[in-house]
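**Student:** Here you go, this is final_23.tsv (TSV, C-alpha atoms).
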```tsv
chain	number	residue	atom	x	y	z
A	1	MET	CA	160.53	-23.96	-182.78
A	2	SER	CA	159.03	-26.23	-180.18
A	3	ALA	CA	162.46	-27.66	-179.37
A	4	GLY	CA	163.54	-24.39	-177.84
A	5	THR	CA	160.34	-23.23	-176.12
A	6	PHE	CA	160.94	-21.26	-172.96
A	7	GLU	CA	158.93	-22.44	-169.98
A	8	PRO	CA	158.78	-19.76	-167.26
A	9	THR	CA	159.08	-21.06	-163.70
A	10	GLN	CA	158.06	-17.85	-162.00
A	11	GLN	CA	155.85	-14.85	-162.57
A	12	GLU	CA	156.69	-13.02	-165.76
A	13	PRO	CA	158.76	-9.90	-165.03
A	14	THR	CA	157.11	-6.55	-165.49
A	15	ALA	CA	158.51	-3.79	-167.65
A	16	GLU	CA	160.69	-1.12	-166.14
A	17	LYS	CA	159.38	2.42	-165.78
A	18	ASP	CA	160.91	3.37	-169.12
A	19	GLY	CA	158.89	0.64	-170.83
A	20	THR	CA	161.77	-1.82	-171.38
A	21	MET	CA	162.17	-5.28	-169.93
A	22	PRO	CA	165.34	-6.11	-167.95
A	23	LEU	CA	167.78	-7.81	-170.32
A	24	ALA	CA	168.61	-10.65	-167.93
A	25	SER	CA	164.97	-11.66	-167.64
A	26	GLN	CA	164.18	-11.82	-171.36
A	27	PRO	CA	163.43	-15.40	-172.47
A	28	VAL	CA	164.93	-15.00	-175.97
A	29	GLY	CA	168.51	-15.54	-174.82
A	30	ARG	CA	167.78	-18.87	-173.22
A	31	ARG	CA	165.72	-20.05	-176.17
A	32	GLU	CA	168.42	-19.09	-178.65
A	33	ARG	CA	171.12	-20.74	-176.57
A	34	ASN	CA	169.04	-23.91	-176.42
A	35	LYS	CA	168.64	-23.89	-180.21
A	36	GLN	CA	172.35	-23.26	-180.75
A	37	GLN	CA	173.34	-26.05	-178.39
A	38	LYS	CA	171.12	-28.49	-180.26
A	39	LEU	CA	172.55	-27.33	-183.58
A	40	ASP	CA	176.09	-27.76	-182.27
A	41	ARG	CA	175.31	-31.31	-181.10
A	42	ILE	CA	173.70	-32.17	-184.44
A	43	THR	CA	176.66	-30.78	-186.38
A	44	ALA	CA	179.20	-32.63	-184.23
A	45	ALA	CA	177.29	-35.90	-184.45
A	46	ALA	CA	176.83	-35.69	-188.23
A	47	ARG	CA	180.45	-34.69	-188.77
A	48	GLU	CA	181.76	-37.64	-186.76
A	49	LEU	CA	179.47	-40.24	-188.32
A	50	PHE	CA	179.95	-38.96	-191.87
A	51	ALA	CA	183.74	-38.98	-191.43
A	52	GLU	CA	183.72	-42.51	-190.02
A	53	ARG	CA	181.39	-44.21	-192.51
A	54	GLY	CA	180.45	-41.79	-195.27
A	55	VAL	CA	177.17	-40.00	-195.73
A	56	ASP	CA	175.51	-42.84	-197.65
A	57	GLU	CA	176.04	-45.32	-194.80
A	58	VAL	CA	174.65	-43.13	-192.01
A	59	THR	CA	170.96	-42.75	-191.14
A	60	THR	CA	169.31	-39.63	-189.79
A	61	GLN	CA	168.13	-41.68	-186.80
A	62	GLU	CA	171.73	-42.50	-185.92
A	63	ILE	CA	172.60	-38.81	-186.06
A	64	ALA	CA	169.62	-37.91	-183.88
A	65	ASP	CA	170.56	-40.61	-181.35
A	66	LYS	CA	174.17	-39.47	-181.19
A	67	ALA	CA	173.08	-35.83	-180.79
A	68	ASP	CA	170.67	-36.95	-178.03
A	69	ILE	CA	167.61	-35.45	-179.67
A	70	GLY	CA	164.46	-36.80	-181.27
A	71	ALA	CA	164.27	-37.41	-185.00
A	72	GLY	CA	161.50	-34.82	-185.24
A	73	THR	CA	163.74	-32.21	-183.65
A	74	LEU	CA	166.53	-33.07	-186.07
A	75	PHE	CA	164.32	-32.29	-189.03
A	76	LEU	CA	163.64	-28.83	-187.64
A	77	TYR	CA	167.33	-28.07	-188.23
A	78	ALA	CA	167.88	-29.99	-191.49
A	79	LYS	CA	165.09	-31.61	-193.50
A	80	THR	CA	167.25	-34.16	-195.32
A	81	LYS	CA	170.53	-36.00	-194.93
A	82	GLY	CA	171.86	-33.94	-197.80
A	83	GLU	CA	171.11	-30.79	-195.85
A	84	LEU	CA	172.96	-32.26	-192.88
A	85	LEU	CA	175.99	-32.86	-195.08
A	86	LEU	CA	175.80	-29.27	-196.32
A	87	LEU	CA	175.66	-28.08	-192.72
A	88	VAL	CA	178.80	-30.03	-191.84
A	89	GLN	CA	180.77	-29.29	-195.00
A	90	ASN	CA	179.92	-25.59	-195.14
A	91	SER	CA	181.81	-24.86	-191.95
A	92	THR	CA	184.98	-26.62	-193.13
A	93	TYR	CA	184.64	-25.02	-196.59
A	94	ALA	CA	184.46	-21.57	-194.98
A	95	ASP	CA	187.63	-22.31	-192.98
A	96	ALA	CA	189.41	-23.53	-196.12
A	97	LEU	CA	188.42	-20.44	-198.07
A	98	ALA	CA	189.65	-18.16	-195.28
A	99	GLN	CA	192.96	-20.05	-195.25
A	100	GLY	CA	193.32	-19.69	-199.02
A	101	ARG	CA	192.51	-15.99	-199.02
A	102	SER	CA	195.08	-15.37	-196.32
A	103	ALA	CA	197.77	-17.30	-198.19
A	104	ALA	CA	197.02	-15.54	-201.49
A	105	GLU	CA	197.58	-12.09	-199.98
A	106	SER	CA	201.34	-12.65	-199.68
A	107	ILE	CA	201.86	-14.35	-203.07
A	108	PRO	CA	202.78	-11.90	-205.86
A	109	ASP	CA	202.35	-14.24	-208.83
A	110	VAL	CA	198.70	-14.22	-209.95
A	111	LEU	CA	198.50	-17.88	-210.95
A	112	ASP	CA	200.20	-19.00	-207.74
A	113	ALA	CA	197.86	-16.81	-205.70
A	114	VAL	CA	194.80	-18.25	-207.43
A	115	MET	CA	196.02	-21.75	-206.70
A	116	ALA	CA	196.65	-20.78	-203.08
A	117	ILE	CA	192.89	-20.22	-202.84
A	118	VAL	CA	192.05	-23.39	-204.74
A	119	ARG	CA	194.26	-25.86	-202.84
A	120	PRO	CA	192.65	-25.64	-199.37
A	121	VAL	CA	189.21	-25.97	-200.94
A	122	VAL	CA	190.28	-29.14	-202.76
A	123	GLU	CA	191.89	-30.50	-199.59
A	124	CYS	CA	188.70	-29.81	-197.65
A	125	ASN	CA	186.51	-31.45	-200.27
A	126	ARG	CA	188.63	-34.60	-200.43
A	127	LYS	CA	189.06	-35.37	-196.74
A	128	GLN	CA	186.31	-37.94	-197.33
A	129	ILE	CA	185.98	-38.30	-201.09
A	130	ASP	CA	182.45	-39.72	-201.22
A	131	ASN	CA	181.21	-37.01	-198.87
A	132	GLY	CA	182.96	-34.37	-200.93
A	133	ARG	CA	181.42	-35.53	-204.18
A	134	THR	CA	177.98	-35.77	-202.56
A	135	TYR	CA	178.42	-32.24	-201.24
A	136	LEU	CA	179.08	-30.99	-204.77
A	137	ARG	CA	176.02	-32.85	-206.03
A	138	GLU	CA	173.88	-31.28	-203.31
A	139	ILE	CA	175.07	-27.82	-204.32
A	140	VAL	CA	173.93	-28.44	-207.90
A	141	PHE	CA	170.71	-30.35	-207.30
A	142	GLY	CA	169.70	-29.40	-203.76
A	143	ASP	CA	166.80	-27.16	-202.82
A	144	PRO	CA	167.98	-23.52	-202.96
A	145	GLU	CA	165.24	-22.59	-200.51
A	146	GLU	CA	166.87	-24.63	-197.76
A	147	PRO	CA	169.15	-22.53	-195.53
A	148	HIS	CA	172.22	-24.78	-195.61
A	149	HIS	CA	172.01	-24.99	-199.39
A	150	ARG	CA	171.83	-21.20	-199.58
A	151	ASP	CA	174.90	-21.00	-197.35
A	152	ALA	CA	176.76	-23.33	-199.71
A	153	LEU	CA	175.86	-21.17	-202.69
A	154	VAL	CA	177.09	-18.10	-200.83
A	155	LEU	CA	180.42	-19.85	-200.25
A	156	THR	CA	180.78	-20.57	-203.97
A	157	VAL	CA	180.17	-16.90	-204.73
A	158	GLN	CA	182.70	-15.88	-202.09
A	159	THR	CA	185.24	-18.23	-203.66
A	160	GLU	CA	184.72	-16.69	-207.08
A	161	ASN	CA	185.00	-13.20	-205.59
A	162	ALA	CA	188.29	-14.11	-203.89
A	163	ILE	CA	189.69	-15.46	-207.16
A	164	ALA	CA	188.45	-12.41	-209.09
A	165	ASP	CA	190.18	-10.10	-206.60
A	166	VAL	CA	193.47	-11.87	-207.29
A	167	LEU	CA	192.99	-11.73	-211.05
A	168	ARG	CA	192.37	-7.97	-210.88
A	169	ARG	CA	195.96	-7.51	-209.75
A	170	ASP	CA	196.91	-8.03	-213.38
A	171	GLU	CA	196.32	-4.71	-215.12
A	172	ARG	CA	195.68	-6.55	-218.39
A	173	ILE	CA	192.54	-8.12	-216.94
A	174	SER	CA	189.51	-5.84	-216.65
A	175	SER	CA	187.23	-6.05	-213.62
A	176	GLY	CA	184.47	-7.66	-215.66
A	177	ASP	CA	186.82	-10.18	-217.28
A	178	ALA	CA	188.23	-11.04	-213.85
A	179	ALA	CA	184.74	-11.94	-212.62
A	180	THR	CA	184.09	-14.06	-215.71
A	181	LEU	CA	187.45	-15.82	-215.45
A	182	ALA	CA	186.85	-16.50	-211.77
A	183	HIS	CA	183.57	-18.17	-212.67
A	184	VAL	CA	185.39	-20.36	-215.19
A	185	VAL	CA	188.09	-21.23	-212.64
A	186	SER	CA	185.37	-22.19	-210.14
A	187	ALA	CA	183.76	-24.46	-212.74
A	188	ILE	CA	187.10	-26.11	-213.51
A	189	MET	CA	187.71	-26.72	-209.82
A	190	PHE	CA	184.20	-28.10	-209.36
A	191	VAL	CA	184.45	-30.54	-212.27
A	192	SER	CA	187.93	-31.73	-211.29
A	193	MET	CA	186.80	-32.47	-207.73
A	194	ALA	CA	183.62	-34.21	-208.84
A	195	ALA	CA	185.01	-36.20	-211.79
A	196	THR	CA	184.81	-39.96	-211.40
A	197	ILE	CA	188.21	-40.30	-213.06
A	198	ASN	CA	189.75	-38.45	-210.10
A	199	ILE	CA	188.23	-40.57	-207.34
A	200	ALA	CA	191.50	-42.37	-206.62
A	201	ASN	CA	193.77	-39.41	-207.30
A	202	PRO	CA	195.45	-37.59	-204.41
A	203	VAL	CA	195.01	-33.88	-203.76
A	204	ASP	CA	198.28	-32.96	-205.51
A	205	VAL	CA	197.15	-34.58	-208.76
A	206	VAL	CA	193.76	-32.87	-208.69
A	207	VAL	CA	195.33	-29.49	-207.90
A	208	GLN	CA	197.84	-29.91	-210.72
A	209	GLU	CA	195.03	-30.74	-213.14
A	210	ILE	CA	193.24	-27.55	-212.14
A	211	ARG	CA	196.44	-25.52	-212.40
A	212	ASP	CA	197.19	-26.79	-215.91
A	213	GLN	CA	193.79	-25.57	-217.08
A	214	VAL	CA	193.83	-22.26	-215.22
A	215	ARG	CA	197.32	-21.48	-216.55
A	216	VAL	CA	195.87	-21.29	-220.06
A	217	LEU	CA	193.36	-18.66	-218.93
A	218	VAL	CA	195.69	-16.38	-216.97
A	219	PRO	CA	198.01	-14.13	-219.02
A	220	GLY	CA	201.64	-15.19	-218.67
```
Any chance you could give the structure as structure tokens?
**Tutor:**
Amino acid sequence: MSAGTFEPTQQEPTAEKDGTMPLASQPVGRRERNKQQKLDRITAAARELFAERGVDEVTTQEIADKADIGAGTLFLYAKTKGELLLLVQNSTYADALAQGRSAAESIPDVLDAVMAIVRPVVECNRKQIDNGRTYLREIVFGDPEEPHHRDALVLTVQTENAIADVLRRDERISSGDAATLAHVVSAIMFVSMAATINIANPVDVVVQEIRDQVRVLVPG
């Protein structure tokens, strides 16, 4: 990327006798750090502005200005505002999933353990409800070739895998059925979070709605 081009200020170092270049003098490290710093600034700027006003009310130019980069540079990291939202939400989703997995490990009841995974994801999604619903829409309709969209899809698969692992604790549920049930649970969670009827409902109500449906699927 042009944003991270390394401009040498002195003569390029020569290779050592063994044919390798000294690690400290390689330009890749500086270029990668530059790219990461820009990405961190973009993520922080988008997160703050989206949280304050919602994704629909924020422009990409405002994000670029706050991140102290040009609009052209911004689009090297995320081509659309939807991709920027995916970038921001993916990191918090990953944290929520890790929290849920950790909690589920110490819960013996299968249904309770499944819901221990579900709750942090719902809480994460509904910190800013409009952003959360837009995030879900981007997962469904976004471009799967874009990197942040691919990351979001990976997170949904990881969520299903975590739920399937819990379901496999029940000897009555085969490995294949556990994977299928986990996919159904994921769909229930997705629809409950995205449903217009739940816009004004607090997290506890949404989680209870999901639990009532999952309870029918999990052997008692």
**Student:** In terms of the shortest atom-to-atom distance over all atoms listed in the file, which of A:Val185, A:Val214, A:Ile42, A:Val166 is closest to A:Ile107?
**Tutor:**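 Closest to A:Ile107 of all the choices is A:Val166.
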**Student:** Name the residues in contact with stretch 197-201 of chain A at a cut-off of 12 Å, using only C-alpha atoms, excluding same-chain residues fewer than 2 positions from it; report them as a list in words.
**Tutor:** Val122, Glu123, Asn125, Arg126, Lys127, Gln128, Ile129, Asp130, Asn131, Gly132, Arg133, Met189, Phe190, Val191, Ser192, Met193, Ala194, Ala195, Val203, Asp204, Val205, Val206, Val207, Gln208, Glu209 and Ile210 of chain A
**Student:** Convert the current residue selection to file output with C-alpha atoms, as a tab-separated table (two decimals), keeping the file's coordinate frame.
**Tutor:**
```tsv
chain	number	residue	atom	x	y	z
A	122	VAL	CA	190.28	-29.14	-202.76
A	123	GLU	CA	191.89	-30.50	-199.59
A	125	ASN	CA	186.51	-31.45	-200.27
A	126	ARG	CA	188.63	-34.60	-200.43
A	127	LYS	CA	189.06	-35.37	-196.74
A	128	GLN	CA	186.31	-37.94	-197.33
A	129	ILE	CA	185.98	-38.30	-201.09
A	130	ASP	CA	182.45	-39.72	-201.22
A	131	ASN	CA	181.21	-37.01	-198.87
A	132	GLY	CA	182.96	-34.37	-200.93
A	133	ARG	CA	181.42	-35.53	-204.18
A	189	MET	CA	187.71	-26.72	-209.82
A	190	PHE	CA	184.20	-28.10	-209.36
A	191	VAL	CA	184.45	-30.54	-212.27
A	192	SER	CA	187.93	-31.73	-211.29
A	193	MET	CA	186.80	-32.47	-207.73
A	194	ALA	CA	183.62	-34.21	-208.84
A	195	ALA	CA	185.01	-36.20	-211.79
A	203	VAL	CA	195.01	-33.88	-203.76
A	204	ASP	CA	198.28	-32.96	-205.51
A	205	VAL	CA	197.15	-34.58	-208.76
A	206	VAL	CA	193.76	-32.87	-208.69
A	207	VAL	CA	195.33	-29.49	-207.90
A	208	GLN	CA	197.84	-29.91	-210.72
A	209	GLU	CA	195.03	-30.74	-213.14
A	210	ILE	CA	193.24	-27.55	-212.14
```
**Student:** Check the smallest atom-to-atom distance from each of A:Gly220, A:Gly72, A:Gly29, A:Pro120 to A:Arg101 using only C-alpha atoms, then report the winner.
**Tutor:**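 Among A:Gly220, A:Gly72, A:Gly29, A:Pro120, it is A:Pro120 that comes nearest to A:Arg101.
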**Student:** Would you please work out which residue, of A:Thr43, A:Gln89, A:Gln99, A:Thr196, is nearest to A:Ala67 when using all atoms listed in the file?
**Tutor:**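 Result for the nearest residue to A:Ala67: A:Thr43.
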**Student:** Rank A:Leu167, A:Ala44, A:Val218, A:Cys124 by their smallest atom-to-atom distance to A:Tyr93, using all atoms listed in the file, and report the top residue only.
**Tutor:**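 Once distances to A:Tyr93 are computed over all atoms listed in the file, the minimum belongs to A:Cys124.
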**Student:** Find the distance between atom CA of A:Pro108 and atom CA of A:Val216 and write it in Å to one decimal.
**Tutor:**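 Answer for the atom CA of A:Pro108 to atom CA of A:Val216 separation: 18.4 Å.
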**Student:** Which residues of stretch 76-127 of chain A have any atom within 9 Å of an atom in stretch 145-162 of chain A when counting all atoms listed in the file, and what is the closest pair of atoms for each, with the distance in Å to one decimal? Order the rows by chain and rising number and write it as a Markdown table.
**Tutor:**
```
| residue | atom | partner | partner_atom | distance |
| --- | --- | --- | --- | --- |
| A:Ala78 | CA | A:His148 | CA | 7.9 |
| A:Lys79 | CA | A:Glu146 | CA | 8.4 |
| A:Glu83 | CA | A:His148 | CA | 6.1 |
| A:Leu84 | CA | A:His148 | CA | 8.0 |
| A:Leu85 | CA | A:His148 | CA | 8.9 |
| A:Leu86 | CA | A:His148 | CA | 5.8 |
| A:Leu87 | CA | A:His148 | CA | 5.6 |
| A:Gln89 | CA | A:Ala152 | CA | 8.6 |
| A:Asn90 | CA | A:Ala152 | CA | 6.0 |
| A:Tyr93 | CA | A:Leu155 | CA | 7.6 |
| A:Ala94 | CA | A:Leu155 | CA | 6.9 |
| A:Leu97 | CA | A:Thr159 | CA | 6.8 |
| A:Gly100 | CA | A:Ala162 | CA | 9.0 |
| A:Arg101 | CA | A:Ala162 | CA | 6.7 |
| A:Val114 | CA | A:Ala162 | CA | 8.5 |
| A:Ile117 | CA | A:Ala162 | CA | 7.7 |
| A:Val118 | CA | A:Thr159 | CA | 8.6 |
```
**Student:** Which one of A:Arg119, A:His183, A:Arg211, A:Lys38 sits closest to A:Ile163 if you count all atoms listed in the file?
**Tutor:**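 Residue with the minimum atom-to-atom distance to A:Ile163: A:His183.
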**Student:** For atom CA of A:Pro144 and atom CA of A:Ile69, quote the distance in Å rounded to one decimal.
**Tutor:**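 Distance between the two atoms: 26.2 Å.
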**Student:** Hey, which of A:Arg215, A:Lys66, A:Arg31, A:Arg168 ends up closest to A:Ala45? Count only C-alpha atoms.
**Tutor:** A:Lys66
**Student:** Any idea what the distance is between atom CA of A:Gln61 and atom CA of A:Asp143?
**Tutor:** 21.7 Å
**Student:** List the residues sitting within 10 Å of (168.3, -40.3, -198.2) in the file's frame, using all atoms listed in the file, as a count of residues only.
**Tutor:** 9
